[in-house]
Amino acid sequence: MEKDGFIAYCGIEIVPDGDGYCTRVKVEPRHCNPYGIVHGGLLYTMADTAAGYTARTLTKSPVTLNSDFHCLNNVSSGVLTARTEIVKAGRHILLLRVRVLADEQILLAEGIYTYYSDGKDHDR
């Protein structure tokens with residue numbers, strides 16, 4: 001799978017990680033909001049991308065049913081990583097947890113993503 005234009009614009013790197021994928025980005029001034037801290041939209045985009053790529057390793061053509069995302073902390077520099085954990089991989093429903101960390105130590109955000117798949121390849 002190739003990165004789309006928005007992911008590339010954000011400078012997000014997509015990396016295989018265990019049973020799924022994680023995303024990484026080195027914070028640059030363009031990632032910060034007017035307060036000088038990382039924009040919450042970047043945190044969400046990193047988590048959503050990591051979850052989506054992981055979901056595609058578990059089933060064909062997953063569709064997001066729901067996401068619940070919480071920003072808990074923030075930084076103005078460093079390397080951010082979004083790591084995915086598979087909570088449940090059923091026949092049709094996937095439940096994934098994603099944690100966004102700064103420098104692999106500070107928890108910035110956490111989300112739960114629910115996907116549905118009928119098991120058919122709709123990408124063709």
# chains A, B, ... in the order shown; residues from 1 in each chain; ligands from 1
>>> select_by_dssp(residues="stretch 11-71 of chain A", states="strand (DSSP E)", output="VMD selection string")
chain A and resid 13 to 17 20 to 26 63 to 71
>>> closest_atom_pairs(of="stretch 43-118 of chain A", to="stretch 4-16 of chain A", cutoff="9 Å", atoms="only C-alpha atoms", output="tab-separated table")
residue	atom	partner	partner_atom	distance
A:Thr45	CA	A:Ile7	CA	8.0
A:Met46	CA	A:Ile12	CA	7.1
A:Thr49	CA	A:Ile14	CA	8.1
A:Ala50	CA	A:Ile14	CA	7.3
A:Tyr53	CA	A:Ile14	CA	8.4
A:Thr54	CA	A:Pro16	CA	8.8
>>> write_last_selection(atoms="N, CA and C atoms", output="CSV table (one decimal), in the first residue's frame")
chain,number,residue,atom,x,y,z
A,45,THR,N,-4.4,11.8,12.9
A,45,THR,CA,-4.0,11.2,11.6
A,45,THR,C,-3.0,10.1,11.8
A,46,MET,N,-2.0,10.3,12.7
A,46,MET,CA,-1.1,9.2,12.9
A,46,MET,C,-1.8,7.9,13.4
A,49,THR,N,-4.1,6.3,10.7
A,49,THR,CA,-3.3,5.7,9.7
A,49,THR,C,-2.7,4.3,10.2
A,50,ALA,N,-2.2,4.3,11.4
A,50,ALA,CA,-1.6,3.1,12.0
A,50,ALA,C,-2.7,2.0,12.1
A,53,TYR,N,-3.9,0.8,8.5
A,53,TYR,CA,-2.9,-0.2,7.8
A,53,TYR,C,-2.9,-1.5,8.6
A,54,THR,N,-3.0,-1.5,9.9
A,54,THR,CA,-3.1,-2.7,10.6
A,54,THR,C,-4.4,-3.5,10.3
>>> atom_distance(atom1="atom CA of A:Thr84", atom2="atom CA of A:Ser61")
18.2 Å
>>> atom_distance(atom1="atom CA of A:Ile106", atom2="atom CA of A:Ser76")
12.2 Å
>>> atom_distance(atom1="atom CA of A:Gln105", atom2="atom CA of A:Thr64")
28.4 Å
>>> select_by_dssp(residues="stretch 11-88 of chain A", states="helix (DSSP H, G or I)", output="list in words")
Pro29, Arg30, His31, Gly40, Gly41, Leu42, Leu43, Tyr44, Thr45, Met46, Ala47, Asp48, Thr49, Ala50, Ala51, Gly52, Tyr53, Thr54, Ala55, Arg56, Thr57 and Leu58 of chain A
>>> residues_around(residues="A:Ala102", least_positions_apart="4", cutoff="12 Å", atoms="only C-alpha atoms", output="JSON, numbers by chain")
{"A": [23, 24, 25, 26, 27, 38, 43, 72, 73, 74, 75, 76, 77, 78, 79, 80, 81, 82, 83, 106, 107, 108, 109]}
>>> write_last_selection(atoms="C-alpha atoms", output="PDB file, in the first residue's frame")
ATOM      1  CA  THR A  23       3.473   5.458  12.253  1.00  0.00           C
ATOM      2  CA  ARG A  24       6.255   7.915  13.062  1.00  0.00           C
ATOM      3  CA  VAL A  25       6.978  11.563  12.515  1.00  0.00           C
ATOM      4  CA  LYS A  26       9.735  13.873  13.681  1.00  0.00           C
ATOM      5  CA  VAL A  27       8.079  17.054  14.910  1.00  0.00           C
ATOM      6  CA  VAL A  38       1.748  19.526  18.101  1.00  0.00           C
ATOM      7  CA  LEU A  43      -1.972  12.935  16.489  1.00  0.00           C
ATOM      8  CA  LEU A  72      -4.019  13.441  26.944  1.00  0.00           C
ATOM      9  CA  ASN A  73      -0.777  15.413  26.725  1.00  0.00           C
ATOM     10  CA  ASN A  74       1.321  17.324  24.206  1.00  0.00           C
ATOM     11  CA  VAL A  75       4.860  18.278  23.234  1.00  0.00           C
ATOM     12  CA  SER A  76       6.551  20.756  20.915  1.00  0.00           C
ATOM     13  CA  SER A  77       9.446  18.565  19.728  1.00  0.00           C
ATOM     14  CA  GLY A  78      10.699  15.017  19.460  1.00  0.00           C
ATOM     15  CA  VAL A  79       9.732  11.888  17.560  1.00  0.00           C
ATOM     16  CA  LEU A  80       6.109  10.774  17.748  1.00  0.00           C
ATOM     17  CA  THR A  81       5.096   7.133  17.315  1.00  0.00           C
ATOM     18  CA  ALA A  82       1.593   5.678  17.029  1.00  0.00           C
ATOM     19  CA  ARG A  83       1.516   1.981  17.998  1.00  0.00           C
ATOM     20  CA  ILE A 106       5.215  10.211  26.999  1.00  0.00           C
ATOM     21  CA  LEU A 107       1.638   9.131  26.260  1.00  0.00           C
ATOM     22  CA  LEU A 108       0.093  11.902  24.156  1.00  0.00           C
ATOM     23  CA  ALA A 109      -3.124  10.311  22.945  1.00  0.00           C
TER      24      ALA A 109
END
>>> residues_around(residues="A:Glu110", least_positions_apart="3", cutoff="7 Å", atoms="only C-alpha atoms", output="MDAnalysis selection string")
chainID A and resid 69:71 98:100
>>> closest_residue(among="A:Ser117, A:Glu28, A:Tyr44, A:His39", to="A:Ser67", atoms="only C-alpha atoms")
A:Tyr44
>>> closest_residue(among="A:Lys88, A:His31, A:Lys60, A:Arg97", to="A:Asp48", atoms="only C-alpha atoms")
A:Arg97
>>> residues_around(residues="A:Tyr116", least_positions_apart="2", cutoff="12 Å", atoms="only C-alpha atoms", output="list in words")
Gly52, Ala55, Arg56, Leu58, Thr59, Lys60, Ser61, Pro62, Val63, Thr64, Leu65, Asn66, Lys88, Ala89, Gly90, Arg91, His92, Ile93, Leu94, Leu95, Leu96, Tyr113, Thr114, Asp118, Gly119 and Lys120 of chain A
>>> write_last_selection(atoms="C-alpha atoms", output="PDB file, in the first residue's frame")
ATOM      1  CA  GLY A  52      -6.098   1.468   9.099  1.00  0.00           C
ATOM      2  CA  ALA A  55      -6.756  -3.479   9.868  1.00  0.00           C
ATOM      3  CA  ARG A  56      -5.835  -4.215   6.244  1.00  0.00           C
ATOM      4  CA  LEU A  58      -6.171  -8.657   9.297  1.00  0.00           C
ATOM      5  CA  THR A  59      -9.027  -8.617   6.785  1.00  0.00           C
ATOM      6  CA  LYS A  60     -10.011  -7.536   3.275  1.00  0.00           C
ATOM      7  CA  SER A  61     -11.501  -4.076   2.665  1.00  0.00           C
ATOM      8  CA  PRO A  62     -12.086  -2.978   6.278  1.00  0.00           C
ATOM      9  CA  VAL A  63     -14.425  -0.025   6.791  1.00  0.00           C
ATOM     10  CA  THR A  64     -14.256   2.185   9.873  1.00  0.00           C
ATOM     11  CA  LEU A  65     -17.401   1.918  11.974  1.00  0.00           C
ATOM     12  CA  ASN A  66     -16.274   4.110  14.843  1.00  0.00           C
ATOM     13  CA  LYS A  88     -10.176  -8.268  19.004  1.00  0.00           C
ATOM     14  CA  ALA A  89      -9.985  -9.703  15.507  1.00  0.00           C
ATOM     15  CA  GLY A  90     -13.310 -11.419  14.870  1.00  0.00           C
ATOM     16  CA  ARG A  91     -14.798 -12.715  11.633  1.00  0.00           C
ATOM     17  CA  HIS A  92     -16.382  -9.371  10.754  1.00  0.00           C
ATOM     18  CA  ILE A  93     -15.436  -6.903  13.503  1.00  0.00           C
ATOM     19  CA  LEU A  94     -11.972  -5.637  14.419  1.00  0.00           C
ATOM     20  CA  LEU A  95     -11.210  -3.614  17.522  1.00  0.00           C
ATOM     21  CA  LEU A  96      -7.821  -1.873  17.623  1.00  0.00           C
ATOM     22  CA  TYR A 113     -10.953   2.030  16.331  1.00  0.00           C
ATOM     23  CA  THR A 114     -13.709  -0.353  15.253  1.00  0.00           C
ATOM     24  CA  ASP A 118     -17.521  -8.751   5.037  1.00  0.00           C
ATOM     25  CA  GLY A 119     -14.338 -10.606   4.037  1.00  0.00           C
ATOM     26  CA  LYS A 120     -14.631  -9.649   0.359  1.00  0.00           C
TER      27      LYS A 120
END
>>> closest_residue(among="A:Tyr35, A:Asp68, A:Glu85, A:Gly111", to="A:Tyr21", atoms="only C-alpha atoms")
A:Glu85
>>> decode(residues="stretch 51-66 of chain A", atoms="all heavy atoms", output="mmCIF file, in the first residue's frame")
data_model
loop_
_atom_site.group_PDB
_atom_site.id
_atom_site.type_symbol
_atom_site.label_atom_id
_atom_site.label_comp_id
_atom_site.auth_asym_id
_atom_site.auth_seq_id
_atom_site.Cartn_x
_atom_site.Cartn_y
_atom_site.Cartn_z
ATOM 1 N N ALA A 51 -3.878 2.434 12.583
ATOM 2 C CA ALA A 51 -4.995 1.502 12.741
ATOM 3 C C ALA A 51 -5.474 0.983 11.389
ATOM 4 O O ALA A 51 -5.708 -0.212 11.226
ATOM 5 C CB ALA A 51 -6.145 2.173 13.496
ATOM 6 N N GLY A 52 -5.615 1.872 10.420
ATOM 7 C CA GLY A 52 -6.098 1.468 9.099
ATOM 8 C C GLY A 52 -5.162 0.492 8.409
ATOM 9 O O GLY A 52 -5.602 -0.509 7.826
ATOM 10 N N TYR A 53 -3.879 0.759 8.462
ATOM 11 C CA TYR A 53 -2.912 -0.153 7.847
ATOM 12 C C TYR A 53 -2.917 -1.502 8.554
ATOM 13 O O TYR A 53 -2.827 -2.556 7.917
ATOM 14 C CB TYR A 53 -1.508 0.459 7.847
ATOM 15 C CG TYR A 53 -1.206 1.271 6.614
ATOM 16 C CD1 TYR A 53 -1.811 2.511 6.406
ATOM 17 C CD2 TYR A 53 -0.318 0.816 5.656
ATOM 18 C CE1 TYR A 53 -1.544 3.256 5.278
ATOM 19 C CE2 TYR A 53 -0.034 1.558 4.530
ATOM 20 C CZ TYR A 53 -0.657 2.776 4.342
ATOM 21 O OH TYR A 53 -0.390 3.514 3.213
ATOM 22 N N THR A 54 -3.036 -1.480 9.882
ATOM 23 C CA THR A 54 -3.090 -2.741 10.630
ATOM 24 C C THR A 54 -4.362 -3.509 10.288
ATOM 25 O O THR A 54 -4.316 -4.728 10.083
ATOM 26 C CB THR A 54 -2.998 -2.469 12.142
ATOM 27 O OG1 THR A 54 -1.736 -1.849 12.412
ATOM 28 C CG2 THR A 54 -3.111 -3.753 12.944
ATOM 29 N N ALA A 55 -5.485 -2.821 10.207
ATOM 30 C CA ALA A 55 -6.756 -3.479 9.868
ATOM 31 C C ALA A 55 -6.659 -4.202 8.526
ATOM 32 O O ALA A 55 -7.170 -5.315 8.374
ATOM 33 C CB ALA A 55 -7.890 -2.454 9.849
ATOM 34 N N ARG A 56 -5.963 -3.592 7.574
ATOM 35 C CA ARG A 56 -5.835 -4.215 6.244
ATOM 36 C C ARG A 56 -4.954 -5.453 6.264
ATOM 37 O O ARG A 56 -4.995 -6.242 5.336
ATOM 38 C CB ARG A 56 -5.336 -3.190 5.240
ATOM 39 C CG ARG A 56 -6.394 -2.124 4.933
ATOM 40 C CD ARG A 56 -5.893 -1.164 3.883
ATOM 41 N NE ARG A 56 -5.604 -1.863 2.644
ATOM 42 C CZ ARG A 56 -6.355 -1.826 1.558
ATOM 43 N NH1 ARG A 56 -7.449 -1.119 1.562
ATOM 44 N NH2 ARG A 56 -6.003 -2.475 0.471
ATOM 45 N N THR A 57 -4.153 -5.642 7.306
ATOM 46 C CA THR A 57 -3.369 -6.884 7.410
ATOM 47 C C THR A 57 -4.223 -8.012 7.978
ATOM 48 O O THR A 57 -3.865 -9.176 7.857
ATOM 49 C CB THR A 57 -2.117 -6.716 8.310
ATOM 50 O OG1 THR A 57 -2.518 -6.512 9.656
ATOM 51 C CG2 THR A 57 -1.232 -5.590 7.830
ATOM 52 N N LEU A 58 -5.338 -7.666 8.617
ATOM 53 C CA LEU A 58 -6.171 -8.657 9.297
ATOM 54 C C LEU A 58 -7.370 -9.115 8.480
ATOM 55 O O LEU A 58 -7.890 -10.204 8.713
ATOM 56 C CB LEU A 58 -6.665 -8.078 10.626
ATOM 57 C CG LEU A 58 -5.569 -7.681 11.619
ATOM 58 C CD1 LEU A 58 -6.158 -6.892 12.775
ATOM 59 C CD2 LEU A 58 -4.846 -8.924 12.117
ATOM 60 N N THR A 59 -7.836 -8.279 7.559
ATOM 61 C CA THR A 59 -9.027 -8.617 6.785
ATOM 62 C C THR A 59 -9.034 -7.830 5.478
ATOM 63 O O THR A 59 -8.277 -6.875 5.314
ATOM 64 C CB THR A 59 -10.304 -8.323 7.597
ATOM 65 O OG1 THR A 59 -11.434 -8.871 6.926
ATOM 66 C CG2 THR A 59 -10.486 -6.834 7.826
ATOM 67 N N LYS A 60 -9.897 -8.231 4.561
ATOM 68 C CA LYS A 60 -10.011 -7.536 3.275
ATOM 69 C C LYS A 60 -10.991 -6.375 3.383
ATOM 70 O O LYS A 60 -12.057 -6.494 3.997
ATOM 71 C CB LYS A 60 -10.484 -8.509 2.197
ATOM 72 C CG LYS A 60 -9.503 -9.611 1.906
ATOM 73 C CD LYS A 60 -10.038 -10.551 0.870
ATOM 74 C CE LYS A 60 -9.024 -11.660 0.633
ATOM 75 N NZ LYS A 60 -9.540 -12.683 -0.261
ATOM 76 N N SER A 61 -10.634 -5.255 2.797
ATOM 77 C CA SER A 61 -11.501 -4.076 2.665
ATOM 78 C C SER A 61 -12.192 -3.638 3.957
ATOM 79 O O SER A 61 -13.416 -3.484 3.994
ATOM 80 C CB SER A 61 -12.538 -4.316 1.571
ATOM 81 O OG SER A 61 -11.917 -4.615 0.343
ATOM 82 N N PRO A 62 -11.440 -3.430 5.037
ATOM 83 C CA PRO A 62 -12.086 -2.978 6.278
ATOM 84 C C PRO A 62 -12.647 -1.565 6.130
ATOM 85 O O PRO A 62 -12.079 -0.732 5.442
ATOM 86 C CB PRO A 62 -10.950 -3.012 7.305
ATOM 87 C CG PRO A 62 -9.707 -2.822 6.490
ATOM 88 C CD PRO A 62 -9.981 -3.492 5.170
ATOM 89 N N VAL A 63 -13.764 -1.330 6.791
ATOM 90 C CA VAL A 63 -14.425 -0.025 6.791
ATOM 91 C C VAL A 63 -14.541 0.429 8.245
ATOM 92 O O VAL A 63 -14.976 -0.336 9.105
ATOM 93 C CB VAL A 63 -15.832 -0.127 6.160
ATOM 94 C CG1 VAL A 63 -16.560 1.200 6.229
ATOM 95 C CG2 VAL A 63 -15.735 -0.611 4.730
ATOM 96 N N THR A 64 -14.170 1.662 8.507
ATOM 97 C CA THR A 64 -14.256 2.185 9.873
ATOM 98 C C THR A 64 -15.714 2.343 10.282
ATOM 99 O O THR A 64 -16.491 3.005 9.591
ATOM 100 C CB THR A 64 -13.551 3.552 9.985
ATOM 101 O OG1 THR A 64 -12.213 3.424 9.518
ATOM 102 C CG2 THR A 64 -13.552 4.054 11.412
ATOM 103 N N LEU A 65 -16.069 1.735 11.404
ATOM 104 C CA LEU A 65 -17.401 1.918 11.974
ATOM 105 C C LEU A 65 -17.410 3.049 12.988
ATOM 106 O O LEU A 65 -18.360 3.810 13.085
ATOM 107 C CB LEU A 65 -17.861 0.636 12.687
ATOM 108 C CG LEU A 65 -18.184 -0.569 11.822
ATOM 109 C CD1 LEU A 65 -18.553 -1.750 12.708
ATOM 110 C CD2 LEU A 65 -19.307 -0.251 10.862
ATOM 111 N N ASN A 66 -16.311 3.138 13.764
ATOM 112 C CA ASN A 66 -16.274 4.110 14.843
ATOM 113 C C ASN A 66 -14.832 4.336 15.285
ATOM 114 O O ASN A 66 -13.983 3.459 15.150
ATOM 115 C CB ASN A 66 -17.089 3.582 16.033
ATOM 116 C CG ASN A 66 -17.229 4.588 17.140
ATOM 117 O OD1 ASN A 66 -17.576 5.736 16.892
ATOM 118 N ND2 ASN A 66 -16.961 4.176 18.350
#
